[in-house]
Amino acid sequence: MLVGFSVGKRKSRPWIVSDELWSLVEPLLPEPEPKLVAGRPRVPDRQALCGILFVLHTGIQWEYLPQELGFGSGMTCWRRLAAWNEAGVWHRLHVVLLARLRTARQLDWSRAVIDSPRQGRSAGPKSGPSPVDRARPGSKHHVLVDGQGIPLAVSLTGGNRNDVTQLMPLLAKIPPVPGLVGRPRRRPETLLGDRGYDHYKYRRLVRATGVKPVIARHGVLHGSGLGVHRWVVERTIAWLHGFRRLRIRWERRDDLHEAFLGLATCLITHRHVQRLC
């Protein structure tokens with residue numbers, strides 16, 4: 001049995017899945033494939049999810065996942081993470097959470113803020129020679145948040161990709177968010193970014209989507225003046241990298257790292273949902 005499902009211990013054990021969070025995740029999970037041969041009983045999905053969260057929070061290697069806590073083996077949790085990511089579980093969970101926030105009118109669509117911090121060294125697909133670290137291979141996390149810092153879209157690219165090239169893909173990645181009468185919403189009113197996104201071509205493309213670009217310009221001597229609004233994305237990035245598995249990309253497979261990135265995005269969004277209670 002999994003130890004520590006009590007609410008009182010949840011703060012010291014952030015990998016424990018609460019009843020409220022599980023009620024959101026469980027309906028989205030795909031049906032397990034039937035076993036063709038007899039063997040060990042299947043590890044319950046909830047316990048496997050706790051094991052995945054343990055790896056996400058602590059950064060521990062899969063083979064060292066402590067089975068005495070009831071998670072199942074590291075390989076079991078690894079397979080579940082890959083299967084659930086392929087089934088789009090984290091994307092659908094993120095939409096569910098955003099819809100709850102929109103229903104409560106807690107999404108700030110007046111502006112969105114974008115940033116692309118460089119991640120630690122990595123190898124494999126979606127990595128590339130970093131221009132700021134002697135061409136060592138690395139990756140980037142691209143993050144787009146609303147005016148309060150609630151993540152709307154995230155993506156992973158190689159460390160050599162210019163920030164501005166991911167502006168339009170990230171803007172297009174914002175999902176349609178239902179929750180109020182009328183069509184789902186997926187576009188903010190304005191988009192804020194630092195000098196890394198300063199390019200006339202992309203300003204024009206952003207305007208074509210009906211979004212007003214508010215981007216710092218190169219050559220300004222006294223700063224962009226956007227810091228009063230841009231700090232929210234830096235805080236969200238700090239939250240993302242508070243998950244130790246995201247500080248350094250250990251996975252050679254990009255889809256598995258993106259799975260961790262999507263799960264962490266859901267957890268941060270869920271924190272905002274919890275504040276509604």
# chains A, B, ... in the order shown; residues from 1 in each chain; ligands from 1
>>> residues_around(residues="Gln47 (chain A)", least_positions_apart="2", cutoff="12 Å", atoms="only C-alpha atoms", output="VMD selection string")
chain A and resid 1 to 5 15 to 18 22 26 42 to 45 49 to 54 67 to 74 76 to 77 80
>>> write_last_selection(atoms="N, CA, C and O atoms", output="compact mmCIF listing (two decimals), in the first residue's frame")
# COMPACT_ATOMS: atom_id res chain seq x y z
N MET A 1 0.84 -1.20 0.00
CA MET A 1 0.00 0.00 0.00
C MET A 1 0.88 1.25 0.00
O MET A 1 1.97 1.26 0.54
N LEU A 2 0.35 2.30 -0.62
CA LEU A 2 1.10 3.56 -0.67
C LEU A 2 0.98 4.29 0.64
O LEU A 2 -0.11 4.44 1.19
N VAL A 3 2.09 4.71 1.18
CA VAL A 3 2.10 5.36 2.49
C VAL A 3 1.87 6.86 2.31
O VAL A 3 2.42 7.49 1.42
N GLY A 4 1.05 7.45 3.21
CA GLY A 4 1.00 8.90 3.29
C GLY A 4 -0.06 9.58 2.48
O GLY A 4 0.15 10.68 2.01
N PHE A 5 -1.24 8.98 2.32
CA PHE A 5 -2.30 9.66 1.58
C PHE A 5 -3.04 10.69 2.42
O PHE A 5 -3.93 11.35 1.94
N TRP A 15 4.67 14.63 -3.68
CA TRP A 15 4.37 13.65 -4.71
C TRP A 15 3.08 12.88 -4.43
O TRP A 15 2.65 12.09 -5.26
N ILE A 16 2.47 13.10 -3.27
CA ILE A 16 1.22 12.42 -2.95
C ILE A 16 0.08 13.05 -3.76
O ILE A 16 -0.08 14.26 -3.79
N VAL A 17 -0.71 12.21 -4.42
CA VAL A 17 -1.82 12.68 -5.25
C VAL A 17 -3.06 12.82 -4.38
O VAL A 17 -3.55 11.83 -3.81
N SER A 18 -3.56 14.04 -4.24
CA SER A 18 -4.74 14.28 -3.42
C SER A 18 -5.99 13.70 -4.09
O SER A 18 -6.01 13.46 -5.30
N TRP A 22 -6.77 13.64 -8.11
CA TRP A 22 -7.02 12.35 -8.74
C TRP A 22 -8.38 12.32 -9.43
O TRP A 22 -8.56 11.69 -10.47
N GLU A 26 -8.09 10.92 -13.21
CA GLU A 26 -8.56 9.55 -13.48
C GLU A 26 -9.44 9.44 -14.72
O GLU A 26 -9.24 8.52 -15.53
N ARG A 42 -1.46 -5.63 -11.78
CA ARG A 42 -1.10 -4.32 -12.32
C ARG A 42 -1.02 -3.31 -11.18
O ARG A 42 -1.90 -3.25 -10.32
N VAL A 43 0.04 -2.51 -11.19
CA VAL A 43 0.17 -1.44 -10.20
C VAL A 43 -0.91 -0.40 -10.46
O VAL A 43 -1.08 0.05 -11.60
N PRO A 44 -1.71 -0.03 -9.46
CA PRO A 44 -2.77 0.96 -9.67
C PRO A 44 -2.23 2.26 -10.25
O PRO A 44 -1.12 2.71 -9.92
N ASP A 45 -3.03 2.86 -11.12
CA ASP A 45 -2.59 4.09 -11.80
C ASP A 45 -2.25 5.20 -10.81
O ASP A 45 -1.31 5.97 -11.03
N LEU A 49 1.23 7.18 -10.62
CA LEU A 49 1.33 8.63 -10.76
C LEU A 49 2.11 9.23 -9.61
O LEU A 49 2.91 10.16 -9.80
N CYS A 50 1.94 8.70 -8.41
CA CYS A 50 2.74 9.16 -7.27
C CYS A 50 4.23 8.92 -7.53
O CYS A 50 5.07 9.75 -7.19
N GLY A 51 4.55 7.77 -8.12
CA GLY A 51 5.95 7.50 -8.44
C GLY A 51 6.50 8.47 -9.47
O GLY A 51 7.64 8.93 -9.36
N ILE A 52 5.69 8.81 -10.48
CA ILE A 52 6.11 9.78 -11.49
C ILE A 52 6.34 11.15 -10.84
O ILE A 52 7.34 11.83 -11.13
N LEU A 53 5.45 11.53 -9.93
CA LEU A 53 5.61 12.82 -9.25
C LEU A 53 6.84 12.81 -8.34
O LEU A 53 7.50 13.83 -8.18
N PHE A 54 7.15 11.65 -7.76
CA PHE A 54 8.35 11.55 -6.93
C PHE A 54 9.59 11.83 -7.77
O PHE A 54 10.49 12.57 -7.34
N GLN A 67 10.73 1.47 -4.11
CA GLN A 67 9.54 0.65 -4.25
C GLN A 67 8.85 0.41 -2.91
O GLN A 67 7.66 0.07 -2.88
N GLU A 68 9.57 0.61 -1.81
CA GLU A 68 8.94 0.41 -0.51
C GLU A 68 7.84 1.42 -0.22
O GLU A 68 7.02 1.23 0.68
N LEU A 69 7.79 2.51 -1.00
CA LEU A 69 6.72 3.49 -0.86
C LEU A 69 5.48 3.11 -1.66
O LEU A 69 4.49 3.84 -1.65
N GLY A 70 5.55 2.00 -2.39
CA GLY A 70 4.36 1.51 -3.07
C GLY A 70 4.16 2.03 -4.47
O GLY A 70 3.08 1.88 -5.05
N PHE A 71 5.19 2.65 -5.06
CA PHE A 71 5.05 3.23 -6.39
C PHE A 71 5.06 2.18 -7.50
O PHE A 71 4.62 2.46 -8.61
N GLY A 72 5.59 1.00 -7.22
CA GLY A 72 5.91 0.08 -8.31
C GLY A 72 7.33 0.36 -8.77
O GLY A 72 8.02 1.25 -8.27
N SER A 73 7.77 -0.38 -9.76
CA SER A 73 9.14 -0.21 -10.24
C SER A 73 9.29 1.07 -11.05
O SER A 73 8.30 1.63 -11.56
N GLY A 74 10.54 1.52 -11.18
CA GLY A 74 10.79 2.69 -12.00
C GLY A 74 10.39 2.47 -13.45
O GLY A 74 9.88 3.39 -14.10
N THR A 76 7.95 0.58 -14.53
CA THR A 76 6.49 0.68 -14.61
C THR A 76 6.05 2.13 -14.70
O THR A 76 5.22 2.50 -15.55
N CYS A 77 6.59 2.97 -13.83
CA CYS A 77 6.22 4.40 -13.85
C CYS A 77 6.68 5.05 -15.14
O CYS A 77 5.98 5.91 -15.69
N ARG A 80 4.19 4.16 -17.85
CA ARG A 80 2.92 4.88 -17.69
C ARG A 80 3.07 6.33 -18.13
O ARG A 80 2.19 6.88 -18.80
>>> select_by_dssp(residues="region 9-161 of chain A", states="helix (DSSP H, G or I)", output="MDAnalysis selection string")
chainID A and resid 9 19:28 45:58 62:64 67:69 74:86 89:103
>>> write_last_selection(atoms="C-alpha atoms", output="tab-separated table (two decimals), in the first residue's frame")
chain	number	residue	atom	x	y	z
A	9	LYS	CA	1.33	15.01	5.32
A	19	ASP	CA	-8.30	13.00	-3.85
A	20	GLU	CA	-9.26	16.25	-5.59
A	21	LEU	CA	-6.41	16.05	-8.11
A	22	TRP	CA	-7.02	12.35	-8.74
A	23	SER	CA	-10.69	13.06	-9.50
A	24	LEU	CA	-9.50	15.27	-12.36
A	25	VAL	CA	-6.82	12.94	-13.67
A	26	GLU	CA	-8.56	9.55	-13.48
A	27	PRO	CA	-11.27	10.18	-16.13
A	28	LEU	CA	-8.57	11.23	-18.63
A	45	ASP	CA	-2.59	4.09	-11.80
A	46	ARG	CA	-2.77	6.37	-8.77
A	47	GLN	CA	0.28	4.77	-7.19
A	48	ALA	CA	2.16	4.92	-10.50
A	49	LEU	CA	1.33	8.63	-10.76
A	50	CYS	CA	2.74	9.16	-7.27
A	51	GLY	CA	5.95	7.50	-8.44
A	52	ILE	CA	6.11	9.78	-11.49
A	53	LEU	CA	5.61	12.82	-9.25
A	54	PHE	CA	8.35	11.55	-6.93
A	55	VAL	CA	10.78	11.51	-9.86
A	56	LEU	CA	9.58	14.94	-11.05
A	57	HIS	CA	10.00	16.54	-7.62
A	58	THR	CA	13.24	14.88	-6.52
A	62	TRP	CA	14.10	5.81	-12.46
A	63	GLU	CA	16.04	2.75	-11.31
A	64	TYR	CA	16.42	4.21	-7.81
A	67	GLN	CA	9.54	0.65	-4.25
A	68	GLU	CA	8.94	0.41	-0.51
A	69	LEU	CA	6.72	3.49	-0.86
A	74	GLY	CA	10.79	2.69	-12.00
A	75	MET	CA	10.22	0.97	-15.35
A	76	THR	CA	6.49	0.68	-14.61
A	77	CYS	CA	6.22	4.40	-13.85
A	78	TRP	CA	8.37	5.20	-16.89
A	79	ARG	CA	6.02	3.25	-19.16
A	80	ARG	CA	2.92	4.88	-17.69
A	81	LEU	CA	4.40	8.37	-18.17
A	82	ALA	CA	5.19	7.64	-21.82
A	83	ALA	CA	1.78	6.04	-22.49
A	84	TRP	CA	-0.18	8.81	-20.80
A	85	ASN	CA	1.78	11.49	-22.62
A	86	GLU	CA	1.15	9.77	-25.95
A	89	VAL	CA	-3.49	13.20	-20.82
A	90	TRP	CA	-1.49	16.24	-19.66
A	91	HIS	CA	-2.76	18.44	-22.49
A	92	ARG	CA	-6.39	17.57	-21.71
A	93	LEU	CA	-5.85	18.02	-17.97
A	94	HIS	CA	-4.36	21.45	-18.61
A	95	VAL	CA	-7.45	22.46	-20.61
A	96	VAL	CA	-9.75	21.22	-17.82
A	97	LEU	CA	-7.86	23.29	-15.25
A	98	LEU	CA	-7.80	26.40	-17.45
A	99	ALA	CA	-11.55	26.03	-18.03
A	100	ARG	CA	-12.16	26.04	-14.28
A	101	LEU	CA	-10.14	29.21	-13.94
A	102	ARG	CA	-11.99	30.86	-16.82
A	103	THR	CA	-15.36	29.88	-15.33
>>> select_by_dssp(residues="region 134-267 of chain A", states="strand (DSSP E or B)", output="PyMOL selection string")
chain A and resi 137-146+151-158+177+185+190-193+212-215
>>> residues_around(residues="region 177-189 of chain A", least_positions_apart="2", cutoff="10 Å", atoms="only C-alpha atoms", output="PyMOL selection string")
chain A and resi 94-105+107-113+145-147+152+171-175+191+209-213
>>> residues_around(residues="region 267-270 of chain A", least_positions_apart="3", cutoff="7 Å", atoms="only C-alpha atoms", output="PyMOL selection string")
chain A and resi 97+150-151+263-264+273-274
>>> closest_residue(among="A:Gly227, A:Pro176, A:Gly262, A:Gly242", to="Asp194 (chain A)", atoms="only C-alpha atoms")
A:Gly227
